[in-house]
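Heads up, the thing below is written out as structure tokens.
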Amino acid sequence: MSETKNILLVGVGGQGIILASKVLSKGLVDAGFDVKMSEVHGMAQRGGSVTTQVRYGEKVYSPIIGKGQADILVAFEKMEAMRWIEYLKPNGKLVINNYSIPSVPVLTGQVKYPENIIEELKEKVDTTVIDAANAARELGNIRTQNIIMLGALVKALNITEVNWEEAIKETVKEKYIDINLKAFKRGMELV
Amino acid sequence: MKRLLTGNEAVARGAYEAGVTVASAYPGTPSTEILENIAKYKEIYSEWAPNEKVALEVAIGASIAGARSIAAMKHVGVNVAADPLFTFAYTGVNGGCILITADDPGMHSSQNEQDNRYYAKSAKLVMLEPSDSQEAKDFVKLGYEISEKFDVPILLRLTTRICHSKTLVELEERHEVGIKEYNKNIAKYVATPANGRVLHVKLEEKLKKLEEYSNNTPINKVEFNDKSIGIITSGVAYQYAKEVFGDNASYLKLGMTFPLPKQKIREFAKQVDKLYVIEELEPYLETEIKAMGIDIIGKELIPNIGELNPDIIREALLGEKKEIIEMNSEKIVSRPPTMCAGCPHRGLFYVLSKKKNVVITGDIGCYTLGSAPPLETMDTCICMGASVSAGHGFSKAFEVNGKEAKVFGVIGDSTFFHSGITGLIDIVYNKGNAATIILDNRITGMTGHQENPGTGYTLMGEVTEQIDLVKICEAIGVKHIEVINPLDLKETEKAIDKAINTDEPVVIITKWPCVLKKSPKEEIEEYGLDQRKICTVESDKCKQCKLCLKVGCPAISFEEGIGAIIDDTMCVGCDVCLQVCPFNAIVKVGE
């Protein structure tokens with residue numbers, strides 16, 4: 001077993017990040033890894049930013065990832081990628097959802113939502129852009145963006161030891177299993 | 001079977017496995033999920049108490065009755081419960097009893113970052129500090145053994161990172177311990193001064209024995225590796241230290257941090273060359289170890305502010321910094337939490353924000369967000385209940401000093417039951433004129449929808465008596481009570497203006513369910529929630545005055561040249577923006 005891997009998922013409350021992290025962690029635990037997952041969602045239900053950090057390997061100590069240490073950053077929202085990019089290893093991978101959710105200071109016109117986020121990030125780091133919102137709409141449920149992003153993550157990090165189908169089946173509600181299995185596959189294809 | 005559990009879930013599981021039968025708590029982040037998970041076990045009676053003092057007293061009563069009991073709260077909740085806590089340390093237990101304190105280093109959702117390890121020292125309580133979920137479960141079970149063996153209550157300290165991180169836990173079966181026999185024992189359980197003097201002597205004797213226990217317990221664990229560096233640590237800081245130093249240092253990992261294992265600490269200190277203490281927040285261990293005459297390095301390198309992490313340790317002790325990807329951080333816009341689209345508090349705060357010469361004393365809950373732009377309708381926020389009593393102090397100071405301004409204390413329904421009620425009694429009794437606004441959103445909103453005495457349901461899901469806020473206020477002696485719909489701006493403004501012009505205690509109850517609440521059928525009918533139609537902007541009528549942006553609704557955005565836009569996936573049709581628009585540009589969809 002190699003060293004501990006660090007995965008950072010970031011976005012905005014309501015995007016289903018916690019659920020995606022649960023599937024991820026469940027899969028990794030069943031594959032026999034030591035796993036630690038940390039959620040930061042203080043007041044996220046009220047529009048704040050949400051992050052979950054998943055670390056896995058033979059033996060994991062800290063439940064949190066430090067700056068410059070994530071192997072992969074999966075951003076469910078564009079601006080959140082910028083906010084958390086310093087946690088990514090300089091040679092790490094960024095998977096970014098081409099999707100923006102303006103925060104209240106933007107909505108009230110106090111500040112502008114940043115432009116050219118993806119272009120700037122591409123200059124600095126290995127970046128894969130995913131249009132998860134459109135892919136989810138094509139699947140018939142906008143709320144499957146999270147599992148599409150999870151599929152993209154798994155492909156980008158090439159985690160092969162895990163039975164993902166089982167992890168999805170055991171984590172999501174029964175009536176959403178099929179669409180989420182499709183979403184996962186779609187996400188893998190998009191990388 | 002191993003499962004990934006948060007520290008909170010693990011504590012709940014530990015209580016279940018240890019045969020606990022009574023659990024009480026008041027919700028507070030990061031502790032809330034402990035009772036929510038305990039409530040899933042039918043073997044345990046579990047409840048939401050109106051506040052932390054009551055929760056602890058329930059646990060104390062159950063313990064004296066012979067049951068293993070547990071009370072859970074966040075760090076500031078222990079301040080509320082501190083009165084019974086100090087005396088409970090004297091009387092000791094019958095059935096084992098554990099109080100959980102969930103501290104919040106970094107203030108993810110708290111008003112301060114107090115270090116409750118000092119409560120253990122101050123109240124003379126055994127303190128256990130787990131460093132992951134497995135230990136959280138194990139320490140709960142061990143805690144009951146210690147509690148009953150030494151006849152003491154246990155303080156178990158979690159931190160946000162332990163509460164909300166998932167780590168692997170081995171599940172075991174429940175061990176039924178039943179209820180111990182209760183025998184009336186006035187000398188032990190009646191803390192009059194005469195008894196207390198005896199109990200204090202006994203407690204000091206117990207603490208000596210507990211120190212011996214602390215020296216021998218395997219949860220105070222020495223790990224020898226490279227002896228050039230020795231690290232004494234506890235809680236999640238142990239994991240961070242291991243992350244940074246791995247096998248390049250030796251560790252004394254303390255699971256029991258009061259009483260401290262002084263002999264073990266001395267022996268460890270002797271065997272290593274350089275000694276560090278790595279601890280989160282205050283120099284609790286450091287001060288104690290220095291007082292033993294041992295040279296140790298701690299807070300001169302590691303900050304006592306904010307949440308600790310491996311990066312801080314690495315940089316402070318090794319001078320190493322990881323290479324990071326730099327971005328122009330000025331471009332990144334903040335994403336502060338905000339009142340939800342359709343939040344019933346918005347209408348009230350919008351009306352209050354228009355009033356001149358008023359002071360708003362605030363409280364702890366979603367409505368604290370009324371202090372944020374664009375509403376900025378709050379002058380103070382101290383602790384639960386302080387809106388009402390600090391408001392009274394404000395108005396008395398103004399009265400004495402001849403300043404004319406109306407004071408409004410704003411407080412939630414759950415918080416009013418918690419400790420607002422006593423402040424209101426103070427206002428009426430002492431002839432105050434501060435107005436109290438109870439924001440009754442029919443649930444405890446901030447912590448994620450816990451039932452409270454006003455909702456009609458218990459934690460265990462049973463239907464119960466709904467405590468009537470109007471009748472309570474009447475009974476306290478308030479003559480002017482109004483119940484209003486806070487989404488109706490005219491009605492709200494009328495009530496506020498009336499209060500401004502009244503020199504007697506006034507209570508305004510703004511009653512409307514939280515927009516995120518899964519309302520029962522009766523509530524949906526009562527408030528016509530399913531009849532509501534969402535709003536839209538007729539852009540030809542929009543004069544781009546931006547007045548609607550002043551309500552701070554996350555569903556409303558603005559585009560130059562086009563005007564206001566309402567996000568149809570977020571709008572719930574609360575109508576506040578519609579009432580604010582002077583040009584009738586905001587209309588109902590389909591009308």
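If you're wondering about the labels, chains in the structure tokens are A, B, ... by order shown, residues count from 1 in each chain, ligands from 1 in order shown.
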Polymer residues at most 10 Å from Gly106 in chain B, only C-alpha atoms, same-chain spacing of 5 or more positions, as a PyMOL selection string: chain B and resi 112-113+159-161+280-281+305-308
At most 7 Å to chain A: residues in chain B, only C-alpha atoms, as a count of residues only: 33
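For the pair CA of Leu369 in chain B and CA of Ile508 in chain B, the separation is 19.4 Å.
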Those of range 158-350 of chain B in DSSP strand (DSSP E), formatted as a PyMOL selection string: chain B and resi 158-159+165-170+220-223+229-234+250-254+256-258+274-278
Output C-alpha atoms for every residue in that selection, as a JSON list (two decimals), in the first residue's frame.
[["chain", "number", "residue", "atom", "x", "y", "z"],
["B", 158, "LEU", "CA", -14.89, 16.55, 22.11],
["B", 159, "THR", "CA", -13.97, 19.24, 19.62],
["B", 165, "SER", "CA", -15.05, 13.71, 11.32],
["B", 166, "LYS", "CA", -15.84, 10.16, 10.34],
["B", 167, "THR", "CA", -13.32, 7.51, 11.31],
["B", 168, "LEU", "CA", -13.58, 3.74, 11.58],
["B", 169, "VAL", "CA", -15.27, 2.25, 14.64],
["B", 170, "GLU", "CA", -15.66, -1.37, 15.67],
["B", 220, "ASN", "CA", -2.50, 7.55, 28.95],
["B", 221, "LYS", "CA", -0.18, 5.88, 26.55],
["B", 222, "VAL", "CA", 3.57, 6.12, 25.92],
["B", 223, "GLU", "CA", 4.83, 5.40, 22.41],
["B", 229, "ILE", "CA", 11.95, 14.53, 20.55],
["B", 230, "GLY", "CA", 9.19, 13.82, 23.07],
["B", 231, "ILE", "CA", 5.65, 15.07, 22.51],
["B", 232, "ILE", "CA", 2.93, 15.27, 25.13],
["B", 233, "THR", "CA", -0.49, 15.72, 23.54],
["B", 234, "SER", "CA", -4.21, 14.96, 23.77],
["B", 250, "SER", "CA", 8.13, 9.66, 20.98],
["B", 251, "TYR", "CA", 4.67, 10.39, 22.35],
["B", 252, "LEU", "CA", 2.85, 10.57, 25.62],
["B", 253, "LYS", "CA", -0.74, 10.53, 24.41],
["B", 254, "LEU", "CA", -3.11, 11.56, 27.17],
["B", 256, "MET", "CA", -7.32, 11.26, 30.63],
["B", 257, "THR", "CA", -6.28, 14.85, 31.19],
["B", 258, "PHE", "CA", -7.64, 15.41, 34.68],
["B", 274, "LYS", "CA", 13.62, 17.73, 23.89],
["B", 275, "LEU", "CA", 10.06, 17.99, 25.13],
["B", 276, "TYR", "CA", 7.12, 19.62, 23.35],
["B", 277, "VAL", "CA", 3.48, 19.87, 24.29],
["B", 278, "ILE", "CA", 1.18, 19.98, 21.27]]
Option closest in space to Ala82 in chain B, from B:Ile360, B:Ala49, B:Ile289, B:Leu125 [counting only C-alpha atoms]: B:Leu125
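Using only C-alpha atoms for every distance, the candidate list B:Lys141, B:Arg174, B:Lys355, B:Lys270 yields B:Arg174 as the residue closest to Lys42 in chain B.
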Atom-to-atom span, CA of Arg3 in chain B and CA of Gly27 in chain A, Å: 11.7 Å
In range 457-580 of chain B, DSSP helix (DSSP H, G or I) residues written as an MDAnalysis selection string: chainID B and resid 469:476 489:500 521:527 529:531 547:551 576:580
Residue contacts of Ala167 in chain A (12 Å, only C-alpha atoms) excluding same-chain residues fewer than 5 positions away, as a PDB file with C-alpha atoms, in the first residue's frame:
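What follows is the written file part-v5.pdb:
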ATOM      1  CA  LEU A  19     -23.756  12.565  -0.141  1.00  0.00           C
ATOM      2  CA  ALA A  20     -21.051  12.199  -2.788  1.00  0.00           C
ATOM      3  CA  SER A  21     -18.468  12.023   0.000  1.00  0.00           C
ATOM      4  CA  LYS A  22     -20.473   9.357   1.769  1.00  0.00           C
ATOM      5  CA  VAL A  23     -20.475   7.168  -1.357  1.00  0.00           C
ATOM      6  CA  LEU A  24     -16.767   7.795  -1.773  1.00  0.00           C
ATOM      7  CA  SER A  25     -15.944   6.922   1.833  1.00  0.00           C
ATOM      8  CA  LYS A  26     -18.229   3.897   1.868  1.00  0.00           C
ATOM      9  CA  GLY A  27     -16.550   2.500  -1.230  1.00  0.00           C
ATOM     10  CA  LEU A  28     -13.070   3.055   0.176  1.00  0.00           C
ATOM     11  CA  VAL A  29     -13.927   1.484   3.544  1.00  0.00           C
ATOM     12  CA  ASP A  30     -15.393  -1.602   1.862  1.00  0.00           C
ATOM     13  CA  ALA A  31     -12.213  -1.924  -0.187  1.00  0.00           C
ATOM     14  CA  ILE A 147     -22.571  11.782  -8.562  1.00  0.00           C
ATOM     15  CA  LEU A 150     -17.879  11.708  -8.136  1.00  0.00           C
ATOM     16  CA  VAL A 162     -13.429  -0.178  -5.192  1.00  0.00           C
ATOM     17  CA  VAL A 172     -28.522   6.567  -2.100  1.00  0.00           C
ATOM     18  CA  LYS A 173     -32.293   6.176  -1.764  1.00  0.00           C
ATOM     19  CA  ILE A 177     -30.174   4.179  -7.586  1.00  0.00           C
ATOM     20  CA  ASN A 180     -27.180   7.711  -9.951  1.00  0.00           C
ATOM     21  CA  LEU A 181     -25.503   4.675 -11.470  1.00  0.00           C
ATOM     22  CA  PHE A 184     -21.565   7.927 -12.092  1.00  0.00           C
TER      23      PHE A 184
END
Nearest-residue call for Asn141 in chain A, choices A:Leu9, A:Ile179, A:Ile168, A:Val129, using only C-alpha atoms: A:Ile179
Selected residue, from A:Ile148, A:Leu157, A:Ala132, A:Lys185, that lies nearest to Ala70 in chain A when counting only C-alpha atoms: A:Leu157
Just the residues within 9 Å of Ser147 in chain B, please, counting only C-alpha atoms, with nothing from its chain fewer than 3 positions along; format it as a tab-separated table (two decimals) with C-alpha atoms, in the first residue's frame.
chain	number	residue	atom	x	y	z
B	92	GLY	CA	-20.79	12.01	43.11
B	93	VAL	CA	-23.03	9.54	41.32
B	94	ASN	CA	-25.02	6.40	41.82
B	95	GLY	CA	-25.44	5.18	38.24
B	96	GLY	CA	-22.52	6.41	36.13
B	97	CYS	CA	-22.88	9.84	34.56
B	98	ILE	CA	-21.08	11.55	31.68
B	126	VAL	CA	-12.37	13.52	35.69
B	142	LEU	CA	-14.65	3.44	30.11
B	143	GLY	CA	-16.08	6.66	31.50
B	144	TYR	CA	-19.05	4.82	33.02
B	150	PHE	CA	-14.70	6.20	41.94
B	151	ASP	CA	-18.15	7.70	42.50
B	152	VAL	CA	-17.54	10.76	40.30
B	153	PRO	CA	-19.18	12.31	37.24
B	154	ILE	CA	-17.09	12.38	34.04
Residues within 10 Å of range 346-351 of chain B, only C-alpha atoms, excluding chain neighbours under 3 positions, as a ChimeraX atom specification: /B:339-343,354-355,360,367,369-371,374-378,410,437,439,484-494,496,510,550-553,574-577,579-580
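Between CA of Gly385 in chain B and CA of Ala62 in chain B lies a distance of 27.0 Å.
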